[in-house]
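Asker: Sharing target17.cif below, mmCIF, C-alpha atoms:
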```cif
data_input
loop_
_atom_site.label_atom_id
_atom_site.label_comp_id
_atom_site.auth_asym_id
_atom_site.auth_seq_id
_atom_site.Cartn_x
_atom_site.Cartn_y
_atom_site.Cartn_z
CA MET A 1 -90.09 24.02 -61.91
CA LYS A 2 -93.52 22.48 -61.85
CA LEU A 3 -92.32 20.08 -59.18
CA LEU A 4 -91.03 22.93 -57.04
CA ASP A 5 -94.38 24.68 -57.29
CA MET A 6 -96.08 21.51 -56.12
CA THR A 7 -93.83 21.23 -53.10
CA LYS A 8 -94.58 24.86 -52.28
CA LYS A 9 -98.27 24.09 -52.38
CA TYR A 10 -98.11 21.13 -50.00
CA GLY A 11 -95.49 22.52 -47.67
CA ASN A 12 -92.69 20.82 -45.81
CA ALA A 13 -93.55 17.40 -44.40
CA THR A 14 -90.26 16.75 -42.61
CA TYR A 15 -90.03 17.43 -38.90
CA GLY A 16 -87.21 19.66 -37.76
CA TYR A 17 -86.17 17.14 -35.10
CA PRO A 18 -83.40 16.81 -33.78
CA LEU A 19 -82.48 20.39 -34.63
CA GLU A 20 -85.85 21.68 -33.40
CA PRO A 21 -87.93 20.27 -30.55
CA TYR A 22 -90.62 17.75 -31.40
CA TYR A 23 -93.98 17.78 -29.64
CA VAL A 24 -95.65 14.42 -29.21
CA PRO A 25 -99.42 14.13 -29.72
CA GLU A 26 -102.03 13.98 -26.96
CA GLY A 27 -102.21 10.62 -25.24
CA PHE A 28 -98.65 9.63 -26.13
CA ARG A 29 -97.27 6.84 -23.98
CA GLY A 30 -93.80 7.86 -22.93
CA LYS A 31 -91.52 6.92 -20.07
CA PRO A 32 -93.48 6.48 -16.81
CA SER A 33 -92.73 9.32 -14.42
CA TYR A 34 -92.53 8.53 -10.72
CA THR A 35 -93.50 10.85 -7.88
CA TYR A 36 -91.82 9.56 -4.77
CA GLU A 37 -93.93 11.70 -2.40
CA ASN A 38 -97.14 10.02 -3.61
CA CYS A 39 -95.90 6.43 -3.64
CA ILE A 40 -97.29 4.31 -0.81
CA GLY A 41 -95.55 1.07 -1.72
CA CYS A 42 -98.67 -1.01 -2.35
CA THR A 43 -96.80 -3.03 -5.06
CA ALA A 44 -99.82 -2.93 -7.41
CA CYS A 45 -97.61 -1.66 -10.25
CA GLY A 46 -95.07 -4.42 -9.66
CA ILE A 47 -97.77 -7.07 -9.95
CA ALA A 48 -99.40 -5.47 -13.00
CA CYS A 49 -96.15 -4.97 -14.95
CA PRO A 50 -96.03 -7.65 -17.67
CA SER A 51 -92.31 -7.35 -18.38
CA ASN A 52 -91.12 -7.01 -14.76
CA ALA A 53 -89.73 -3.54 -15.46
CA ILE A 54 -91.01 -2.55 -12.02
CA ASN A 55 -89.66 -4.62 -9.16
CA VAL A 56 -90.74 -4.06 -5.58
CA LYS A 57 -88.66 -5.99 -3.06
CA LEU A 58 -87.44 -5.83 0.50
CA ASN A 59 -83.77 -4.98 0.85
CA GLU A 60 -81.32 -7.43 2.37
CA GLU A 61 -81.65 -6.16 5.94
CA ARG A 62 -85.46 -6.25 5.56
CA THR A 63 -85.75 -2.66 6.76
CA LYS A 64 -86.72 -0.88 3.54
CA LEU A 65 -89.05 -1.60 0.65
CA VAL A 66 -87.19 -0.87 -2.58
CA TRP A 67 -89.19 0.22 -5.61
CA GLU A 68 -87.13 -0.12 -8.74
CA PHE A 69 -88.02 0.81 -12.29
CA ASP A 70 -85.88 -0.21 -15.25
CA ALA A 71 -86.75 1.79 -18.36
CA ALA A 72 -84.70 -0.58 -20.51
CA ARG A 73 -87.27 -3.31 -19.92
CA CYS A 74 -90.39 -1.16 -19.98
CA ILE A 75 -92.80 -1.74 -22.88
CA PHE A 76 -94.90 1.39 -22.21
CA CYS A 77 -98.21 -0.46 -21.86
CA GLY A 78 -99.53 1.86 -19.14
CA ARG A 79 -100.76 -0.83 -16.76
CA CYS A 80 -98.87 0.68 -13.84
CA ASP A 81 -100.65 3.97 -14.56
CA GLU A 82 -103.96 2.12 -14.61
CA VAL A 83 -103.59 0.42 -11.24
CA CYS A 84 -101.83 3.13 -9.23
CA PRO A 85 -104.26 4.28 -6.52
CA THR A 86 -102.50 7.56 -5.70
CA GLY A 87 -101.30 8.64 -9.15
CA ALA A 88 -97.65 8.25 -8.16
CA ILE A 89 -96.77 6.67 -11.49
CA VAL A 90 -98.11 8.30 -14.65
CA LEU A 91 -97.02 7.87 -18.25
CA SER A 92 -95.29 11.09 -19.24
CA LYS A 93 -94.66 12.49 -22.70
CA GLU A 94 -90.92 11.95 -22.42
CA PHE A 95 -89.62 10.16 -25.50
CA GLU A 96 -85.94 11.10 -25.37
CA THR A 97 -84.90 8.05 -23.42
CA ALA A 98 -81.74 6.85 -25.13
CA VAL A 99 -78.61 6.61 -22.97
CA LYS A 100 -74.93 6.24 -23.75
CA PHE A 101 -72.55 3.59 -22.36
CA ASP A 102 -74.08 3.15 -18.91
CA LYS A 103 -77.35 1.26 -18.63
CA LYS A 104 -77.69 2.31 -14.99
CA ASP A 105 -79.00 5.70 -16.09
CA LEU A 106 -82.23 4.03 -17.13
CA ILE A 107 -82.97 2.90 -13.58
CA GLU A 108 -85.01 4.81 -11.02
CA ARG A 109 -85.18 3.73 -7.40
CA GLY A 110 -87.22 4.69 -4.34
CA GLU A 111 -86.96 3.42 -0.78
CA LEU A 112 -89.81 3.33 1.72
CA ASP A 113 -89.82 2.47 5.42
CA VAL A 114 -91.22 -0.96 6.26
CA ALA A 115 -93.98 -1.49 8.81
CA TYR A 116 -93.86 -4.50 11.11
CA CYS A 117 -96.80 -6.65 12.18
CA GLU A 118 -98.00 -5.80 15.70
CA VAL A 119 -98.52 -9.47 16.57
CA CYS A 120 -95.59 -11.38 15.07
CA ASN A 121 -93.18 -8.48 14.29
CA LYS A 122 -92.72 -9.52 10.65
CA PRO A 123 -92.28 -6.89 7.89
CA PHE A 124 -95.35 -6.86 5.62
CA THR A 125 -96.09 -3.37 4.19
CA THR A 126 -94.83 0.18 4.37
CA LYS A 127 -95.55 2.74 7.05
CA ARG A 128 -96.81 5.13 4.44
CA LEU A 129 -99.41 2.65 3.20
CA ILE A 130 -100.78 2.19 6.72
CA ALA A 131 -100.91 5.96 7.26
CA TYR A 132 -102.75 6.32 3.94
CA ASP A 133 -105.24 3.59 4.88
CA ILE A 134 -106.00 5.18 8.23
CA GLU A 135 -106.38 8.59 6.59
CA ARG A 136 -108.92 7.19 4.18
CA LEU A 137 -110.77 5.22 6.84
CA LYS A 138 -111.22 8.41 8.86
CA LYS A 139 -113.06 9.97 5.95
CA VAL A 140 -115.54 7.15 5.53
CA GLY A 141 -117.49 8.35 8.54
CA TRP A 142 -117.52 5.35 10.89
CA ALA A 143 -117.98 5.44 14.64
CA GLU A 144 -114.88 5.74 16.85
CA LYS A 145 -115.08 2.18 18.08
CA THR A 146 -115.28 0.62 14.61
CA LEU A 147 -112.44 2.81 13.45
CA GLU A 148 -110.24 1.63 16.31
CA GLU A 149 -110.99 -1.99 15.50
CA LYS A 150 -110.21 -1.50 11.81
CA THR A 151 -106.97 0.33 12.60
CA LYS A 152 -105.84 -2.58 14.73
CA TYR A 153 -106.81 -4.98 11.95
CA ILE A 154 -104.78 -3.02 9.39
CA LYS A 155 -101.65 -3.21 11.50
CA THR A 156 -101.50 -7.01 11.52
CA CYS A 157 -99.99 -9.07 8.72
CA PRO A 158 -102.16 -11.38 6.54
CA ASP A 159 -101.00 -14.56 8.31
CA CYS A 160 -101.85 -13.19 11.73
CA LYS A 161 -105.20 -11.93 10.43
CA ARG A 162 -106.06 -15.45 9.34
CA ALA A 163 -105.00 -16.95 12.66
CA LEU A 164 -107.00 -14.37 14.62
CA THR A 165 -110.12 -14.98 12.52
CA ILE A 166 -109.90 -18.73 13.07
CA GLU A 167 -109.45 -18.16 16.80
CA LYS A 168 -112.53 -15.94 16.89
CA ILE A 169 -114.70 -18.43 15.00
CA SER A 170 -113.60 -21.38 17.13
CA LYS A 171 -114.46 -19.42 20.26
CA TYR A 172 -118.05 -18.98 19.10
CA SER A 173 -118.50 -22.50 17.77
CA LYS A 174 -117.08 -24.43 20.70
CA GLY A 175 -120.29 -26.06 21.64
CA VAL A 176 -121.18 -27.21 18.12
CA MET B 1 -76.30 -19.63 -20.71
CA SER B 2 -72.70 -20.01 -19.73
CA LYS B 3 -70.54 -19.55 -22.79
CA THR B 4 -70.07 -15.88 -23.57
CA TYR B 5 -68.02 -14.16 -26.20
CA VAL B 6 -64.79 -12.54 -25.10
CA VAL B 7 -63.88 -9.58 -27.25
CA PRO B 8 -60.40 -10.17 -28.75
CA GLU B 9 -57.66 -7.83 -27.57
CA ASP B 10 -57.03 -6.20 -30.95
CA ILE B 11 -60.70 -5.32 -31.43
CA LYS B 12 -60.89 -4.05 -27.87
CA GLU B 13 -57.90 -1.83 -28.38
CA ALA B 14 -59.12 -0.46 -31.67
CA ASN B 15 -62.50 0.30 -30.10
CA ASN B 16 -61.53 2.35 -27.08
CA LEU B 17 -63.33 5.58 -26.33
CA GLU B 18 -60.67 7.85 -27.77
CA ALA B 19 -60.62 6.06 -31.11
CA LYS B 20 -64.41 6.14 -31.23
CA LEU B 21 -64.64 9.85 -30.54
CA LYS B 22 -61.99 10.54 -33.15
CA HIS B 23 -63.86 8.37 -35.62
CA LEU B 24 -67.16 10.16 -34.87
CA ASN B 25 -65.40 13.44 -35.50
CA ASN B 26 -64.20 12.10 -38.85
CA ILE B 27 -67.49 10.74 -40.13
CA LYS B 28 -69.51 13.75 -38.90
CA LYS B 29 -72.12 14.10 -41.66
CA SER B 30 -71.97 10.68 -43.24
CA PHE B 31 -72.52 7.54 -41.25
CA ASN B 32 -73.50 4.19 -42.61
CA VAL B 33 -75.71 1.96 -40.53
CA PHE B 34 -76.03 -1.78 -40.75
CA ARG B 35 -79.09 -3.27 -39.13
CA VAL B 36 -78.83 -6.68 -37.43
CA ASP B 37 -82.06 -8.47 -36.56
CA CYS B 38 -81.19 -10.72 -33.61
CA GLY B 39 -84.55 -12.46 -33.36
CA SER B 40 -86.67 -9.36 -33.08
CA CYS B 41 -90.43 -9.38 -33.59
CA ASN B 42 -90.06 -6.86 -36.47
CA GLY B 43 -91.70 -4.06 -34.51
CA CYS B 44 -88.38 -2.30 -34.11
CA GLU B 45 -87.58 -2.84 -37.82
CA ILE B 46 -90.83 -1.19 -38.83
CA GLU B 47 -90.02 1.79 -36.63
CA VAL B 48 -86.49 2.01 -38.03
CA PHE B 49 -87.95 2.16 -41.51
CA ALA B 50 -90.51 4.68 -40.32
CA ALA B 51 -87.61 6.73 -39.01
CA ILE B 52 -85.87 6.84 -42.40
CA THR B 53 -88.95 8.03 -44.29
CA PRO B 54 -89.11 11.67 -45.52
CA MET B 55 -91.16 12.48 -42.42
CA TRP B 56 -88.06 12.26 -40.20
CA ASP B 57 -85.46 12.22 -42.94
CA PRO B 58 -82.28 11.39 -41.02
CA GLU B 59 -80.46 11.42 -44.37
CA ARG B 60 -80.01 15.16 -43.97
CA LEU B 61 -77.83 14.24 -40.97
CA GLY B 62 -76.00 11.66 -43.06
CA PHE B 63 -77.82 8.52 -42.01
CA LYS B 64 -77.68 5.73 -44.55
CA LEU B 65 -78.67 2.07 -44.31
CA VAL B 66 -76.16 -0.24 -45.94
CA ALA B 67 -76.44 -3.90 -46.93
CA SER B 68 -73.13 -5.17 -45.62
CA PRO B 69 -71.47 -4.85 -42.22
CA ARG B 70 -68.18 -4.21 -43.99
CA HIS B 71 -69.48 -0.82 -45.11
CA ALA B 72 -70.91 0.16 -41.76
CA ASP B 73 -69.87 2.58 -39.03
CA ILE B 74 -72.80 1.84 -36.76
CA LEU B 75 -74.37 -1.52 -35.94
CA LEU B 76 -78.06 -1.26 -35.10
CA CYS B 77 -79.00 -4.44 -33.19
CA SER B 78 -82.60 -5.27 -32.36
CA GLY B 79 -84.10 -8.28 -30.62
CA PRO B 80 -83.23 -10.26 -27.50
CA VAL B 81 -80.49 -12.31 -29.31
CA THR B 82 -81.84 -15.80 -29.75
CA ARG B 83 -79.58 -18.83 -29.73
CA GLN B 84 -79.71 -19.03 -33.52
CA MET B 85 -78.65 -15.41 -33.96
CA TYR B 86 -75.65 -15.65 -31.62
CA TYR B 87 -73.05 -16.46 -34.28
CA PRO B 88 -74.50 -14.23 -37.04
CA LEU B 89 -74.34 -11.29 -34.59
CA LEU B 90 -70.71 -12.07 -33.78
CA ARG B 91 -69.85 -12.38 -37.47
CA ALA B 92 -71.48 -9.03 -38.17
CA TYR B 93 -69.64 -7.50 -35.20
CA GLU B 94 -66.26 -8.80 -36.25
CA ALA B 95 -66.81 -7.90 -39.91
CA THR B 96 -67.54 -4.28 -39.11
CA PRO B 97 -64.39 -2.16 -39.52
CA ASP B 98 -62.92 -0.68 -36.32
CA PRO B 99 -63.80 1.54 -34.59
CA LYS B 100 -67.50 0.72 -34.57
CA VAL B 101 -70.47 1.98 -32.62
CA VAL B 102 -72.99 -0.62 -31.43
CA VAL B 103 -76.54 0.55 -30.78
CA ALA B 104 -79.02 -1.70 -29.00
CA ILE B 105 -82.53 -0.81 -30.09
CA GLY B 106 -85.79 -1.68 -28.39
CA ALA B 107 -86.57 -3.07 -24.96
CA CYS B 108 -85.38 -6.51 -26.12
CA GLY B 109 -82.09 -5.22 -27.43
CA SER B 110 -81.24 -3.21 -24.37
CA SER B 111 -82.22 -5.68 -21.64
CA GLY B 112 -84.21 -8.60 -23.00
CA GLY B 113 -87.59 -6.89 -22.62
CA ILE B 114 -90.48 -9.25 -22.03
CA PHE B 115 -88.22 -12.18 -22.99
CA HIS B 116 -85.65 -11.36 -20.30
CA ASP B 117 -86.05 -14.69 -18.50
CA ALA B 118 -86.90 -16.94 -21.47
CA TYR B 119 -84.76 -20.05 -21.95
CA SER B 120 -83.96 -19.53 -25.62
CA VAL B 121 -82.58 -16.01 -25.55
CA TRP B 122 -79.48 -14.30 -24.23
CA GLY B 123 -81.47 -11.35 -23.02
CA GLY B 124 -79.96 -8.26 -24.55
CA VAL B 125 -77.20 -7.42 -26.98
CA ASP B 126 -74.97 -6.16 -24.15
CA LYS B 127 -74.59 -9.72 -22.80
CA ILE B 128 -72.52 -10.55 -25.86
CA VAL B 129 -70.89 -7.49 -27.41
CA PRO B 130 -70.11 -4.13 -25.77
CA VAL B 131 -72.94 -1.66 -26.47
CA ASP B 132 -72.51 2.11 -26.74
CA VAL B 133 -76.04 3.43 -27.00
CA TYR B 134 -79.25 1.98 -25.60
CA ILE B 135 -82.57 3.00 -27.16
CA PRO B 136 -85.40 1.65 -25.00
CA GLY B 137 -89.01 1.41 -26.17
CA CYS B 138 -91.26 -1.37 -27.35
CA PRO B 139 -91.00 -0.41 -30.17
CA PRO B 140 -89.21 2.95 -29.85
CA HIS B 141 -90.89 5.94 -31.48
CA PRO B 142 -89.09 7.16 -34.64
CA ALA B 143 -88.25 10.34 -32.72
CA THR B 144 -86.57 8.20 -30.05
CA ILE B 145 -84.51 6.42 -32.70
CA VAL B 146 -83.48 9.73 -34.27
CA TYR B 147 -82.66 11.03 -30.79
CA GLY B 148 -80.61 7.92 -30.01
CA LEU B 149 -78.59 8.21 -33.21
CA ALA B 150 -78.20 11.95 -32.74
CA SER B 151 -76.92 11.42 -29.21
CA ALA B 152 -74.57 8.71 -30.51
CA LEU B 153 -73.14 11.29 -32.91
CA GLY B 154 -72.94 13.91 -30.19
CA ILE B 155 -75.57 16.29 -31.62
CA LEU B 156 -77.85 16.02 -28.59
CA GLU B 157 -77.11 15.48 -24.93
CA GLN B 158 -78.32 12.59 -22.82
CA LYS B 159 -81.31 13.54 -20.69
CA LEU B 160 -81.87 10.58 -18.36
CA LYS B 161 -79.83 10.12 -15.21
CA PHE B 162 -79.87 7.52 -12.49
CA LYS B 163 -82.33 8.63 -9.83
CA GLU B 164 -82.59 7.47 -6.26
CA HIS B 165 -85.14 8.62 -3.69
CA LYS B 166 -84.36 8.01 -0.05
CA ASP B 167 -85.46 8.92 3.45
CA GLY B 168 -88.89 10.27 2.62
CA SER B 169 -91.42 11.05 5.32
CA ASN B 170 -93.87 8.37 6.43
CA GLU B 171 -96.85 10.67 6.07
CA ALA B 172 -99.64 9.68 3.75
CA PRO B 173 -100.27 11.50 0.47
CA ILE B 174 -103.17 13.96 0.55
CA VAL B 175 -106.63 12.38 0.60
CA GLU B 176 -109.30 14.64 -0.81
CA GLU B 177 -112.46 15.47 1.14
CA SER B 178 -115.58 13.53 0.33
CA LEU B 179 -118.70 15.35 -0.87
CA PHE B 180 -121.01 13.11 1.15
CA GLY B 181 -118.67 12.74 4.08
CA ASN B 182 -118.27 9.15 2.92
CA LEU B 183 -115.23 8.24 0.87
CA LEU B 184 -116.87 5.03 -0.33
CA PHE B 185 -118.99 7.17 -2.66
CA GLU B 186 -115.90 8.54 -4.41
CA ARG B 187 -114.40 5.08 -4.55
CA ASP B 188 -117.48 3.58 -6.20
CA LEU B 189 -117.76 6.53 -8.54
CA LEU B 190 -114.16 6.12 -9.73
CA ALA B 191 -114.56 2.36 -10.14
CA GLU B 192 -117.76 2.79 -12.16
CA SER B 193 -116.32 5.51 -14.38
CA LYS B 194 -113.26 3.33 -15.06
CA ARG B 195 -115.60 0.48 -15.94
CA LEU B 196 -117.52 2.70 -18.33
CA MET B 197 -114.69 4.46 -20.16
CA GLY B 198 -111.40 2.79 -19.30
CA TYR B 199 -108.71 4.16 -17.01
CA LEU B 200 -107.58 7.13 -19.08
CA PHE B 201 -110.93 8.64 -20.04
CA GLY B 202 -112.54 7.24 -16.90
CA ARG B 203 -110.42 9.55 -14.75
CA LYS B 204 -111.44 12.54 -16.88
CA LEU B 205 -115.08 11.49 -16.59
CA TYR B 206 -114.72 11.19 -12.82
CA GLU B 207 -113.24 14.67 -12.58
CA LYS B 208 -115.97 16.13 -14.76
CA TYR B 209 -118.73 14.51 -12.74
CA ILE B 210 -117.22 15.50 -9.36
CA ASN B 211 -116.75 19.05 -10.64
CA ALA B 212 -120.39 19.22 -11.70
CA LEU B 213 -121.56 17.71 -8.41
CA GLY B 214 -119.46 20.15 -6.40
CA LYS B 215 -121.25 23.07 -8.01
CA SER B 216 -124.53 21.88 -6.49
CA LYS B 217 -125.28 23.84 -3.31
CA ASP B 218 -126.87 20.91 -1.52
CA VAL B 219 -125.59 17.54 -2.68
CA LYS B 220 -128.27 15.70 -0.76
CA ASP B 221 -131.07 17.49 -2.62
CA VAL B 222 -131.94 15.14 -5.48
CA LYS B 223 -133.91 17.50 -7.72
CA LYS B 224 -131.49 20.45 -7.64
CA THR B 225 -128.51 18.17 -8.23
CA LYS B 226 -130.21 16.60 -11.23
CA GLU B 227 -130.78 20.04 -12.74
CA ILE B 228 -127.14 20.98 -12.34
CA ILE B 229 -125.88 17.70 -13.76
CA SER B 230 -128.14 18.09 -16.79
CA ILE B 231 -126.82 21.64 -17.36
CA TYR B 232 -123.25 20.29 -17.32
CA CYS B 233 -124.27 17.42 -19.61
CA ASP B 234 -125.66 19.87 -22.16
CA GLU B 235 -122.48 21.95 -22.02
CA GLU B 236 -120.35 18.86 -22.67
CA GLU B 237 -119.50 18.51 -26.35
CA ASP B 238 -118.49 14.86 -26.33
CA LYS B 239 -121.56 12.60 -26.49
CA ARG B 240 -119.74 9.76 -24.70
CA TYR B 241 -119.09 11.88 -21.63
CA GLN B 242 -122.72 13.07 -21.69
CA GLU B 243 -124.13 9.59 -21.60
CA CYS B 244 -121.61 8.27 -19.11
CA MET B 245 -122.23 11.16 -16.71
CA LYS B 246 -125.93 10.36 -16.77
CA THR B 247 -125.23 6.67 -16.22
CA LEU B 248 -122.98 7.53 -13.27
CA HIS B 249 -125.73 9.66 -11.80
CA ASN B 250 -128.29 6.86 -12.15
CA ASN B 251 -126.08 4.04 -10.90
CA ILE B 252 -124.00 5.55 -8.13
CA TYR B 253 -125.34 8.90 -6.98
CA LEU B 254 -128.96 7.77 -6.56
CA LYS B 255 -127.79 4.69 -4.67
CA TYR B 256 -125.94 6.82 -2.10
CA VAL B 257 -128.46 9.64 -1.85
CA LYS B 258 -131.17 7.15 -0.84
CA ARG B 259 -129.77 7.24 2.69
CA PHE B 260 -130.53 10.95 3.06
CA SER B 261 -133.68 11.64 1.08
CA VAL B 262 -136.51 9.96 -0.77
CA VAL B 263 -135.76 9.06 -4.36
CA ASN B 264 -138.50 8.88 -6.92
CA ASP B 265 -137.40 6.25 -9.41
CA LYS B 266 -139.21 7.73 -12.40
CA GLU B 267 -138.58 11.44 -11.93
CA ASP B 268 -135.07 11.51 -10.56
CA ARG B 269 -133.46 9.12 -12.99
CA PHE B 270 -132.08 10.30 -16.32
CA GLN B 271 -134.02 8.78 -19.18
CA PHE B 272 -132.24 7.80 -22.40
#
```
Please render this file's structure as structure tokens.

Answerer:
Amino acid sequence: MKLLDMTKKYGNATYGYPLEPYYVPEGFRGKPSYTYENCIGCTACGIACPSNAINVKLNEERTKLVWEFDAARCIFCGRCDEVCPTGAIVLSKEFETAVKFDKKDLIERGELDVAYCEVCNKPFTTKRLIAYDIERLKKVGWAEKTLEEKTKYIKTCPDCKRALTIEKISKYSKGV
Amino acid sequence: MSKTYVVPEDIKEANNLEAKLKHLNNIKKSFNVFRVDCGSCNGCEIEVFAAITPMWDPERLGFKLVASPRHADILLCSGPVTRQMYYPLLRAYEATPDPKVVVAIGACGSSGGIFHDAYSVWGGVDKIVPVDVYIPGCPPHPATIVYGLASALGILEQKLKFKEHKDGSNEAPIVEESLFGNLLFERDLLAESKRLMGYLFGRKLYEKYINALGKSKDVKDVKKTKEIISIYCDEEEDKRYQECMKTLHNNIYLKYVKRFSVVNDKEDRFQF
């Protein structure tokens, strides 16, 4: 009886889960939640992911950028959350992630339209990323002419940017 | 690796879905679990043992760890299956009486995890034996393990589904207005607050500072803004946020406001 009194004093330590819902504490790192509307396809999360749970690749026809997240491989480190510039991927509090039979249920996929380089017509980023860049550049408060130049610069791929820069420099330093 | 295990016909037949569901109906409130460590780092093991403490107490659902696969109904496999653990896993699988439920636990167990492309592992339990339940997580939270076992027994329903997003618009996500009319200020502010407090608290700090700055009627007025920031600093309970807000004000705000008005280095800076 003494023992029962003691248990009464300290209360019940066992959680009611799975018969009752369980609430995770503040700052819990659960399954990353993805907001497709905010994703600009900058591939920062794909580069930061240490276990390659996030893969960002062009599809076979090279017309779409495919963002793919595999929860089976995710180690919940939160690096994708850290690097995401638009808050499209945030660690949620979802911990009920187990699936039965089909591993495909753990996968989440998003497709974005690819933008082509204005000089060489090669796919290099997404249209949404370029729109986002221009939107941000407008709010920096530059003059019209600079803005136009920068917009043109954004729409060329890295290889063409390099070639154009070299061309510019060689034009100035011809006499040297 | 090329050589993979082919499940013998008799085991395959005895393990079909119907037999499994019937078996689950039979064992209902008493299921014995055998745990196979296929080269795991022991993180998952620790969480499994955390899950069978009185805190979670799955024994009220009938969960019991057993020492031999011959007594088991459920095989709990963790780890990416190293070369050395290939045969022991198969022996445990074949020794378990039919029908059996195989649960892959952890990121490694369900897909190889961070070892998915290493030379010495098979990369997941499902490459070798058929798996019924996947419990991802590195390591999974005890609640996730309890959920996984509960969903294996049919107490809870599966929540995740395959999701695909297609044909979205090419419009940019919303970019917020800048207080100075110069987005570089917000960019520097966010970078500095992340440097000071890390990404999670840094974002909260950034929001707090921007909120305080927005309350100032004229952002370009140095003295009034300082007053308002100090009021918000005093209201803030957390000392870390207090100090970091002042540091942000000194390092970033004063640098940008120099373009619009004269800054007195002694008076306008926060002193610690």

Asker: Give me, as a Markdown table, the closest atom pair and its distance (Å, one decimal) for every residue of chain B within a cut-off of 7 Å of chain A, counting all atoms listed in the file, rows sorted by chain and rising number.

Answerer:
```
| residue | atom | partner | partner_atom | distance |
| --- | --- | --- | --- | --- |
| B:Pro54 | CA | A:Thr14 | CA | 6.0 |
| B:Met55 | CA | A:Thr14 | CA | 4.4 |
| B:Trp56 | CA | A:Thr14 | CA | 5.6 |
| B:Asp57 | CA | A:Thr14 | CA | 6.6 |
| B:Ala107 | CA | A:Arg73 | CA | 5.1 |
| B:Ser110 | CA | A:Ala72 | CA | 5.8 |
| B:Ser111 | CA | A:Ala72 | CA | 5.8 |
| B:Gly112 | CA | A:Arg73 | CA | 6.8 |
| B:Gly113 | CA | A:Arg73 | CA | 4.5 |
| B:Ile114 | CA | A:Ser51 | CA | 4.5 |
| B:Val131 | CA | A:Phe101 | CA | 6.7 |
| B:Asp132 | CA | A:Phe101 | CA | 4.6 |
| B:Val133 | CA | A:Lys100 | CA | 4.4 |
| B:Tyr134 | CA | A:Val99 | CA | 5.4 |
| B:Ile135 | CA | A:Ala98 | CA | 4.4 |
| B:Pro136 | CA | A:Ala72 | CA | 5.1 |
| B:Gly137 | CA | A:Ile75 | CA | 5.9 |
| B:Cys138 | CA | A:Ile75 | CA | 4.7 |
| B:Thr144 | CA | A:Glu96 | CA | 5.5 |
| B:Tyr147 | CA | A:Glu96 | CA | 6.3 |
| B:Gly148 | CA | A:Ala98 | CA | 5.1 |
| B:Gln158 | CA | A:Val99 | CA | 6.0 |
| B:Leu160 | CA | A:Asp105 | CA | 6.1 |
| B:Lys161 | CA | A:Asp105 | CA | 4.6 |
| B:Phe162 | CA | A:Asp105 | CA | 4.1 |
| B:Lys163 | CA | A:Glu108 | CA | 4.8 |
| B:Glu164 | CA | A:Arg109 | CA | 4.7 |
| B:His165 | CA | A:Gly110 | CA | 4.5 |
| B:Lys166 | CA | A:Glu111 | CA | 5.3 |
| B:Asn170 | CA | A:Arg128 | CA | 4.8 |
| B:Glu171 | CA | A:Arg128 | CA | 5.8 |
| B:Ala172 | CA | A:Tyr132 | CA | 4.6 |
| B:Pro173 | CA | A:Asn38 | CA | 5.4 |
| B:Val175 | CA | A:Arg136 | CA | 6.7 |
| B:Gly181 | CA | A:Gly141 | CA | 6.4 |
| B:Asn182 | CA | A:Val140 | CA | 4.3 |
| B:Leu183 | CA | A:Val140 | CA | 4.8 |
| B:Leu184 | CA | A:Val140 | CA | 6.4 |
| B:Tyr199 | CA | A:Glu82 | CA | 5.7 |
```

Asker: Atom CA of B:Trp122 and atom CA of B:Glu45 are how many Å apart?

Answerer: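 Atom-to-atom, atom CA of B:Trp122 to atom CA of B:Glu45, that is 19.5 Å.
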
Asker: Could you please determine the separation between atom CA of A:Leu58 and atom CA of A:Cys160 in Å, to one decimal place?

Answerer: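 Taking atom CA of A:Leu58 and atom CA of A:Cys160, their separation equals 19.7 Å.
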
Asker: List the residues matched by the PyMOL selection byres ((chain B and resi 89) around 12) in the displayed structure as number ranges by chain, ordered by chain and then by residue number.

Answerer: B: 5, 34-39, 69, 75-88, 90-96, 102, 122, 124-129

Asker: So what do you get for atom CA of B:Leu24 versus atom CA of B:Gly154, distance-wise?

Answerer: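 About the pair atom CA of B:Leu24 and atom CA of B:Gly154: they are 8.3 Å apart.
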
Asker: So what does the PyMOL selection byres ((chain A and resi 117) around 12) actually pick up in this one, as a compact mmCIF listing (two decimals) with C-alpha atoms, in the frame of the given file?

Answerer:
```
# COMPACT_ATOMS: atom_id res chain seq x y z
CA VAL A 114 -91.22 -0.96 6.26
CA ALA A 115 -93.98 -1.49 8.81
CA TYR A 116 -93.86 -4.50 11.11
CA GLU A 118 -98.00 -5.80 15.70
CA VAL A 119 -98.52 -9.47 16.57
CA CYS A 120 -95.59 -11.38 15.07
CA ASN A 121 -93.18 -8.48 14.29
CA LYS A 122 -92.72 -9.52 10.65
CA PRO A 123 -92.28 -6.89 7.89
CA PHE A 124 -95.35 -6.86 5.62
CA THR A 125 -96.09 -3.37 4.19
CA THR A 126 -94.83 0.18 4.37
CA LYS A 127 -95.55 2.74 7.05
CA ILE A 130 -100.78 2.19 6.72
CA LYS A 152 -105.84 -2.58 14.73
CA TYR A 153 -106.81 -4.98 11.95
CA ILE A 154 -104.78 -3.02 9.39
CA LYS A 155 -101.65 -3.21 11.50
CA THR A 156 -101.50 -7.01 11.52
CA CYS A 157 -99.99 -9.07 8.72
CA PRO A 158 -102.16 -11.38 6.54
CA ASP A 159 -101.00 -14.56 8.31
CA CYS A 160 -101.85 -13.19 11.73
CA LYS A 161 -105.20 -11.93 10.43
```
